[in-house]
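Q: To be precise about what I am sending: the file is called query-v7.txt and holds compact mmCIF, N, CA, C and O atoms.
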```txt
# COMPACT_ATOMS: atom_id res chain seq x y z
N MET Z 570 115.50 107.93 98.06
CA MET Z 570 114.11 107.57 97.86
C MET Z 570 113.46 107.34 99.23
O MET Z 570 114.01 106.68 100.09
N TYR Z 571 112.30 107.93 99.38
CA TYR Z 571 111.59 107.82 100.66
C TYR Z 571 110.68 106.60 100.67
O TYR Z 571 110.18 106.17 99.65
N LYS Z 572 110.45 106.11 101.89
CA LYS Z 572 109.56 104.97 102.09
C LYS Z 572 108.20 105.48 102.56
O LYS Z 572 108.06 106.63 102.96
N ILE Z 573 107.22 104.57 102.53
CA ILE Z 573 105.86 104.88 102.98
C ILE Z 573 105.50 103.93 104.10
O ILE Z 573 105.77 102.72 104.00
N ALA Z 574 104.88 104.46 105.15
CA ALA Z 574 104.46 103.64 106.29
C ALA Z 574 103.00 103.91 106.61
O ALA Z 574 102.46 104.95 106.27
N VAL Z 575 102.39 102.93 107.27
CA VAL Z 575 101.05 103.11 107.80
C VAL Z 575 101.05 102.62 109.24
O VAL Z 575 101.67 101.60 109.55
N VAL Z 576 100.41 103.40 110.12
CA VAL Z 576 100.36 103.08 111.54
C VAL Z 576 98.90 103.02 111.96
O VAL Z 576 98.11 103.90 111.65
N GLY Z 577 98.55 101.96 112.67
CA GLY Z 577 97.18 101.82 113.16
C GLY Z 577 96.95 100.44 113.72
O GLY Z 577 97.88 99.64 113.87
N ASP Z 578 95.70 100.15 114.02
CA ASP Z 578 95.36 98.84 114.55
C ASP Z 578 95.53 97.78 113.45
O ASP Z 578 95.44 98.09 112.26
N LYS Z 579 95.79 96.57 113.86
CA LYS Z 579 96.13 95.49 112.93
C LYS Z 579 95.07 95.29 111.84
O LYS Z 579 95.40 95.15 110.67
N ASP Z 580 93.81 95.28 112.22
CA ASP Z 580 92.75 95.04 111.24
C ASP Z 580 92.66 96.14 110.18
O ASP Z 580 92.27 95.88 109.05
N SER Z 581 93.01 97.36 110.54
CA SER Z 581 92.93 98.48 109.61
C SER Z 581 94.13 98.60 108.68
O SER Z 581 93.99 99.10 107.57
N VAL Z 582 95.30 98.18 109.12
CA VAL Z 582 96.52 98.45 108.35
C VAL Z 582 97.15 97.25 107.66
O VAL Z 582 97.97 97.42 106.76
N LEU Z 583 96.81 96.06 108.07
CA LEU Z 583 97.48 94.87 107.54
C LEU Z 583 97.38 94.74 106.02
O LEU Z 583 98.33 94.34 105.36
N SER Z 584 96.27 95.14 105.45
CA SER Z 584 96.09 95.02 103.99
C SER Z 584 97.05 95.92 103.21
O SER Z 584 97.33 95.65 102.03
N PHE Z 585 97.57 96.97 103.82
CA PHE Z 585 98.52 97.85 103.13
C PHE Z 585 99.82 97.12 102.79
O PHE Z 585 100.53 97.51 101.88
N LYS Z 586 100.11 96.07 103.53
CA LYS Z 586 101.32 95.28 103.29
C LYS Z 586 101.31 94.68 101.89
O LYS Z 586 102.35 94.55 101.24
N ALA Z 587 100.13 94.34 101.39
CA ALA Z 587 99.99 93.72 100.07
C ALA Z 587 100.42 94.65 98.94
O ALA Z 587 100.80 94.18 97.87
N ILE Z 588 100.39 95.96 99.17
CA ILE Z 588 100.80 96.89 98.12
C ILE Z 588 102.18 97.50 98.40
O ILE Z 588 102.57 98.49 97.78
N GLY Z 589 102.91 96.89 99.33
CA GLY Z 589 104.29 97.29 99.56
C GLY Z 589 104.53 98.39 100.55
O GLY Z 589 105.64 98.91 100.65
N ILE Z 590 103.52 98.76 101.30
CA ILE Z 590 103.67 99.80 102.33
C ILE Z 590 104.10 99.12 103.63
O ILE Z 590 103.57 98.07 103.99
N ASP Z 591 105.06 99.73 104.32
CA ASP Z 591 105.52 99.20 105.61
C ASP Z 591 104.43 99.41 106.66
O ASP Z 591 103.93 100.53 106.82
N VAL Z 592 104.08 98.36 107.36
CA VAL Z 592 102.97 98.36 108.31
C VAL Z 592 103.50 98.33 109.74
O VAL Z 592 104.36 97.52 110.07
N PHE Z 593 102.96 99.22 110.57
CA PHE Z 593 103.32 99.27 111.98
C PHE Z 593 102.04 99.29 112.80
O PHE Z 593 101.19 100.16 112.62
N VAL Z 594 101.91 98.32 113.69
CA VAL Z 594 100.69 98.17 114.49
C VAL Z 594 100.85 98.88 115.83
O VAL Z 594 101.86 98.70 116.51
N ALA Z 595 99.86 99.68 116.18
CA ALA Z 595 99.85 100.37 117.46
C ALA Z 595 98.39 100.53 117.90
O ALA Z 595 97.50 100.67 117.07
N TYR Z 596 98.20 100.50 119.21
CA TYR Z 596 96.86 100.65 119.76
C TYR Z 596 96.76 101.80 120.77
O TYR Z 596 95.71 102.40 120.92
N GLU Z 597 97.86 102.09 121.44
CA GLU Z 597 97.85 103.10 122.49
C GLU Z 597 98.62 104.34 122.07
O GLU Z 597 99.49 104.29 121.21
N ASP Z 598 98.31 105.47 122.71
CA ASP Z 598 98.92 106.74 122.35
C ASP Z 598 100.44 106.76 122.52
O ASP Z 598 101.15 107.26 121.65
N LYS Z 599 100.94 106.22 123.60
CA LYS Z 599 102.39 106.21 123.84
C LYS Z 599 103.13 105.45 122.73
O LYS Z 599 104.15 105.90 122.23
N GLU Z 600 102.57 104.31 122.38
CA GLU Z 600 103.13 103.46 121.33
C GLU Z 600 103.08 104.17 119.97
O GLU Z 600 104.05 104.17 119.21
N ALA Z 601 101.97 104.82 119.67
CA ALA Z 601 101.80 105.53 118.40
C ALA Z 601 102.74 106.72 118.32
O ALA Z 601 103.36 106.96 117.27
N ARG Z 602 102.86 107.46 119.39
CA ARG Z 602 103.75 108.62 119.43
C ARG Z 602 105.19 108.20 119.17
O ARG Z 602 105.90 108.80 118.36
N ARG Z 603 105.62 107.13 119.82
CA ARG Z 603 106.98 106.62 119.64
C ARG Z 603 107.21 106.19 118.20
O ARG Z 603 108.24 106.50 117.61
N LEU Z 604 106.24 105.49 117.63
CA LEU Z 604 106.37 105.01 116.25
C LEU Z 604 106.45 106.17 115.25
O LEU Z 604 107.32 106.17 114.37
N VAL Z 605 105.56 107.13 115.36
CA VAL Z 605 105.54 108.26 114.43
C VAL Z 605 106.85 109.03 114.52
O VAL Z 605 107.47 109.35 113.49
N ASP Z 606 107.32 109.31 115.72
CA ASP Z 606 108.58 110.04 115.88
C ASP Z 606 109.76 109.24 115.33
O ASP Z 606 110.64 109.80 114.68
N SER Z 607 109.76 107.95 115.55
CA SER Z 607 110.82 107.09 115.05
C SER Z 607 110.82 107.04 113.52
O SER Z 607 111.87 107.15 112.88
N LEU Z 608 109.64 106.86 112.92
CA LEU Z 608 109.53 106.81 111.47
C LEU Z 608 109.92 108.13 110.83
O LEU Z 608 110.53 108.17 109.76
N ALA Z 609 109.59 109.24 111.49
CA ALA Z 609 109.93 110.57 110.98
C ALA Z 609 111.44 110.77 110.91
O ALA Z 609 111.93 111.48 110.03
N LYS Z 610 112.17 110.14 111.80
CA LYS Z 610 113.64 110.26 111.81
C LYS Z 610 114.29 109.36 110.77
O LYS Z 610 115.45 109.55 110.43
N GLU Z 611 113.55 108.37 110.31
CA GLU Z 611 114.07 107.45 109.30
C GLU Z 611 113.72 107.99 107.92
O GLU Z 611 113.31 109.13 107.78
N ASP Z 612 113.84 107.20 106.88
CA ASP Z 612 113.60 107.64 105.51
C ASP Z 612 112.15 107.49 105.07
O ASP Z 612 111.88 107.03 103.96
N TYR Z 613 111.20 107.88 105.92
CA TYR Z 613 109.79 107.78 105.56
C TYR Z 613 109.30 109.15 105.13
O TYR Z 613 109.34 110.11 105.89
N GLY Z 614 108.86 109.25 103.88
CA GLY Z 614 108.36 110.50 103.33
C GLY Z 614 106.89 110.69 103.58
O GLY Z 614 106.39 111.81 103.65
N VAL Z 615 106.16 109.57 103.70
CA VAL Z 615 104.72 109.60 103.95
C VAL Z 615 104.41 108.61 105.06
O VAL Z 615 104.84 107.45 105.01
N ILE Z 616 103.66 109.08 106.05
CA ILE Z 616 103.20 108.21 107.13
C ILE Z 616 101.69 108.34 107.21
O ILE Z 616 101.16 109.41 107.52
N TYR Z 617 101.00 107.27 106.88
CA TYR Z 617 99.54 107.22 107.05
C TYR Z 617 99.27 106.76 108.48
O TYR Z 617 99.96 105.88 109.00
N ILE Z 618 98.26 107.35 109.11
CA ILE Z 618 97.88 106.94 110.47
C ILE Z 618 96.36 106.94 110.55
O ILE Z 618 95.71 107.83 110.00
N THR Z 619 95.81 105.93 111.20
CA THR Z 619 94.36 105.84 111.30
C THR Z 619 93.81 106.96 112.17
O THR Z 619 94.48 107.44 113.10
N GLU Z 620 92.59 107.38 111.87
CA GLU Z 620 91.96 108.47 112.61
C GLU Z 620 91.85 108.16 114.10
O GLU Z 620 92.07 109.05 114.93
N ASP Z 621 91.51 106.92 114.43
CA ASP Z 621 91.37 106.53 115.83
C ASP Z 621 92.65 106.81 116.60
O ASP Z 621 92.63 107.34 117.71
N LEU Z 622 93.78 106.46 116.00
CA LEU Z 622 95.08 106.64 116.64
C LEU Z 622 95.51 108.10 116.61
O LEU Z 622 96.04 108.62 117.59
N ALA Z 623 95.26 108.78 115.50
CA ALA Z 623 95.62 110.20 115.39
C ALA Z 623 94.88 111.03 116.43
O ALA Z 623 95.42 112.01 116.96
N ALA Z 624 93.64 110.65 116.75
CA ALA Z 624 92.86 111.37 117.75
C ALA Z 624 93.50 111.27 119.13
O ALA Z 624 93.30 112.14 119.98
N LYS Z 625 94.28 110.23 119.35
CA LYS Z 625 94.95 110.04 120.65
C LYS Z 625 96.25 110.82 120.76
O LYS Z 625 96.77 111.01 121.86
N ILE Z 626 96.82 111.26 119.61
CA ILE Z 626 98.11 111.95 119.64
C ILE Z 626 98.08 113.25 118.79
O ILE Z 626 98.94 113.46 117.94
N PRO Z 627 97.12 114.13 119.03
CA PRO Z 627 96.99 115.33 118.19
C PRO Z 627 98.23 116.23 118.20
O PRO Z 627 98.59 116.80 117.18
N LYS Z 628 98.88 116.37 119.34
CA LYS Z 628 100.06 117.25 119.42
C LYS Z 628 101.21 116.70 118.59
O LYS Z 628 101.96 117.46 117.97
N THR Z 629 101.35 115.39 118.56
CA THR Z 629 102.40 114.77 117.74
C THR Z 629 102.12 115.00 116.27
O THR Z 629 103.02 115.36 115.51
N ILE Z 630 100.87 114.83 115.86
CA ILE Z 630 100.49 115.05 114.46
C ILE Z 630 100.73 116.51 114.08
O ILE Z 630 101.30 116.81 113.03
N GLU Z 631 100.31 117.44 114.95
CA GLU Z 631 100.47 118.87 114.68
C GLU Z 631 101.93 119.27 114.53
O GLU Z 631 102.25 120.16 113.75
N ARG Z 632 102.81 118.61 115.26
CA ARG Z 632 104.23 118.93 115.21
C ARG Z 632 104.81 118.75 113.81
O ARG Z 632 105.73 119.44 113.41
N TYR Z 633 104.24 117.84 113.04
CA TYR Z 633 104.74 117.56 111.69
C TYR Z 633 103.96 118.30 110.60
O TYR Z 633 104.32 118.20 109.44
N ASN Z 634 102.93 119.04 110.96
CA ASN Z 634 102.10 119.74 109.97
C ASN Z 634 102.88 120.75 109.13
O ASN Z 634 102.59 120.94 107.96
N ASP Z 635 103.86 121.41 109.73
CA ASP Z 635 104.62 122.42 109.01
C ASP Z 635 105.89 121.87 108.37
O ASP Z 635 106.64 122.62 107.76
N GLU Z 636 106.12 120.60 108.54
CA GLU Z 636 107.29 119.96 107.95
C GLU Z 636 106.95 119.44 106.56
O GLU Z 636 105.85 118.94 106.33
N LEU Z 637 107.90 119.55 105.66
CA LEU Z 637 107.69 119.02 104.32
C LEU Z 637 107.73 117.49 104.34
O LEU Z 637 106.92 116.82 103.70
N ILE Z 638 108.69 116.95 105.10
CA ILE Z 638 108.84 115.50 105.20
C ILE Z 638 108.98 115.16 106.67
O ILE Z 638 109.78 115.79 107.37
N PRO Z 639 108.25 114.21 107.16
CA PRO Z 639 107.29 113.37 106.47
C PRO Z 639 105.92 114.04 106.40
O PRO Z 639 105.57 114.86 107.25
N ALA Z 640 105.16 113.65 105.42
CA ALA Z 640 103.76 114.05 105.34
C ALA Z 640 102.97 113.05 106.17
O ALA Z 640 103.05 111.85 105.94
N ILE Z 641 102.26 113.54 107.17
CA ILE Z 641 101.41 112.68 108.01
C ILE Z 641 100.00 112.78 107.46
O ILE Z 641 99.40 113.86 107.46
N ILE Z 642 99.46 111.67 107.01
CA ILE Z 642 98.14 111.66 106.40
C ILE Z 642 97.21 110.77 107.24
O ILE Z 642 97.49 109.59 107.45
N VAL Z 643 96.13 111.38 107.70
CA VAL Z 643 95.17 110.70 108.56
C VAL Z 643 94.14 110.02 107.67
O VAL Z 643 93.55 110.64 106.79
N ILE Z 644 93.95 108.72 107.91
CA ILE Z 644 93.02 107.91 107.11
C ILE Z 644 91.99 107.24 108.02
O ILE Z 644 92.25 107.02 109.19
N PRO Z 645 90.82 106.91 107.48
CA PRO Z 645 89.82 106.19 108.28
C PRO Z 645 90.32 104.79 108.66
O PRO Z 645 91.12 104.20 107.94
N SER Z 646 89.83 104.29 109.75
CA SER Z 646 90.14 102.91 110.13
C SER Z 646 89.09 101.99 109.51
O SER Z 646 88.19 102.45 108.81
N ASN Z 647 89.21 100.72 109.77
CA ASN Z 647 88.22 99.78 109.24
C ASN Z 647 86.85 99.95 109.91
O ASN Z 647 85.87 99.40 109.45
N LYS Z 648 86.77 100.74 110.97
CA LYS Z 648 85.50 100.98 111.67
C LYS Z 648 84.73 102.15 111.08
O LYS Z 648 83.63 102.45 111.49
N GLY Z 649 85.36 102.87 110.14
CA GLY Z 649 84.71 104.03 109.53
C GLY Z 649 85.47 105.30 109.83
O GLY Z 649 86.54 105.27 110.42
N THR Z 650 84.90 106.41 109.44
CA THR Z 650 85.59 107.68 109.58
C THR Z 650 85.10 108.49 110.76
O THR Z 650 83.93 108.40 111.14
N LEU Z 651 86.00 109.26 111.32
CA LEU Z 651 85.66 110.22 112.37
C LEU Z 651 85.64 111.64 111.81
O LEU Z 651 85.35 112.59 112.51
N GLY Z 652 86.00 111.78 110.54
CA GLY Z 652 86.03 113.09 109.89
C GLY Z 652 87.31 113.87 110.09
O GLY Z 652 87.46 114.97 109.57
N ILE Z 653 88.27 113.32 110.82
CA ILE Z 653 89.52 114.02 111.11
C ILE Z 653 90.35 114.22 109.84
O ILE Z 653 90.88 115.31 109.60
N GLY Z 654 90.44 113.20 109.02
CA GLY Z 654 91.22 113.28 107.79
C GLY Z 654 90.69 114.35 106.85
O GLY Z 654 91.45 115.14 106.29
N MET Z 655 89.39 114.40 106.67
CA MET Z 655 88.78 115.39 105.78
C MET Z 655 88.94 116.80 106.34
O MET Z 655 89.19 117.75 105.60
N LYS Z 656 88.83 116.94 107.66
CA LYS Z 656 89.02 118.24 108.30
C LYS Z 656 90.44 118.74 108.04
O LYS Z 656 90.64 119.90 107.69
N ASN Z 657 91.43 117.85 108.18
CA ASN Z 657 92.83 118.23 107.92
C ASN Z 657 93.05 118.58 106.46
O ASN Z 657 93.77 119.52 106.14
N LEU Z 658 92.43 117.82 105.56
CA LEU Z 658 92.55 118.11 104.13
C LEU Z 658 91.96 119.47 103.81
O LEU Z 658 92.58 120.27 103.09
N ASN Z 659 90.78 119.76 104.33
CA ASN Z 659 90.16 121.08 104.12
C ASN Z 659 91.05 122.21 104.62
O ASN Z 659 91.20 123.24 103.96
N LYS Z 660 91.65 122.01 105.80
CA LYS Z 660 92.51 123.03 106.38
C LYS Z 660 93.74 123.27 105.50
O LYS Z 660 94.13 124.42 105.26
N ASN Z 661 94.34 122.20 104.98
CA ASN Z 661 95.52 122.34 104.13
C ASN Z 661 95.19 122.97 102.78
O ASN Z 661 95.96 123.78 102.27
N VAL Z 662 94.06 122.61 102.21
CA VAL Z 662 93.65 123.21 100.93
C VAL Z 662 93.38 124.70 101.13
O VAL Z 662 93.79 125.54 100.33
N GLU Z 663 92.70 125.04 102.22
CA GLU Z 663 92.41 126.45 102.50
C GLU Z 663 93.70 127.25 102.69
O GLU Z 663 93.83 128.38 102.21
N LYS Z 664 94.68 126.64 103.37
CA LYS Z 664 95.96 127.30 103.57
C LYS Z 664 96.67 127.52 102.23
O LYS Z 664 97.24 128.57 101.98
N ALA Z 665 96.62 126.53 101.34
CA ALA Z 665 97.31 126.62 100.06
C ALA Z 665 96.61 127.55 99.07
O ALA Z 665 97.26 128.31 98.36
N VAL Z 666 95.29 127.49 99.03
CA VAL Z 666 94.52 128.24 98.03
C VAL Z 666 94.04 129.59 98.57
O VAL Z 666 93.83 130.52 97.80
N GLY Z 667 93.84 129.68 99.87
CA GLY Z 667 93.33 130.91 100.45
C GLY Z 667 91.84 130.89 100.68
O GLY Z 667 91.27 131.85 101.19
N ALA Z 668 91.19 129.81 100.30
CA ALA Z 668 89.74 129.67 100.51
C ALA Z 668 89.40 128.21 100.60
O ALA Z 668 90.09 127.36 100.03
N ASN Z 669 88.32 127.90 101.28
CA ASN Z 669 87.86 126.52 101.38
C ASN Z 669 87.06 126.17 100.12
O ASN Z 669 85.90 126.52 100.01
N ILE Z 670 87.71 125.53 99.18
CA ILE Z 670 87.05 125.18 97.91
C ILE Z 670 86.41 123.81 97.94
O ILE Z 670 85.70 123.44 97.01
N LEU Z 671 86.63 123.05 99.00
CA LEU Z 671 86.08 121.71 99.11
C LEU Z 671 84.75 121.66 99.84
O LEU Z 671 84.08 120.63 99.86
N GLY Z 672 84.37 122.73 100.50
CA GLY Z 672 83.13 122.74 101.26
C GLY Z 672 83.35 122.17 102.64
O GLY Z 672 84.46 121.96 103.08
N ASP Z 673 82.26 121.92 103.34
CA ASP Z 673 82.37 121.41 104.72
C ASP Z 673 82.74 119.99 104.70
O ASP Z 673 82.29 119.04 104.79
```
Represent the structure from my file as structure tokens, please.

A:
Amino acid sequence: MYKIAVVGDKDSVLSFKAIGIDVFVAYEDKEARRLVDSLAKEDYGVIYITEDLAAKIPKTIERYNDELIPAIIVIPSNKGTLGIGMKNLNKNVEKAVGANILGD
């Protein structure tokens, strides 16, 4: 059975602890890169990461795009969205379906 993790700034991710998701706090790119790579080697099937942090480590996120496990899912932080998560979702849907059915 795989575990679920969330990585991001404390204010954005702490509430995930209440629903049983493992929470990992990171603010800088080096720290986030290390955490994502470490979690990927463990039994984490899904890793949520805030958009702010994902924007700092795009190559690390891209490295896992073609992997089945873990699924790296970019989510908005408590400051709002940068549109990165929706852009990635659109790209994955287009790859799976062959057309962008979600719009811009």

Q: If we count only C-alpha atoms, what is near region 578-581 of chain Z at a cut-off of 10 Å, once residues fewer than 2 positions away on the same chain are taken out, given as an MDAnalysis selection string?

A: chainID Z and resid 575:576 583:585 592:597 618:619 621:622 644:649

Q: Could you tell me how far CA of Asp635 (chain Z) lies from CA of Val615 (chain Z), in Å and to one decimal?

A: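 That distance, rounded to one decimal, is 13.8 Å.
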
Q: Tell me, in Å to one decimal, how far CA of Leu608 (chain Z) is from CA of Ala574 (chain Z).

A: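 So the answer is 7.9 Å.
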
Q: Could you check how far CA of Ile626 (chain Z) sits from CA of Gly589 (chain Z), in Å to one decimal?

A: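 Computed distance, CA of Ile626 (chain Z) to CA of Gly589 (chain Z), equals 25.6 Å.
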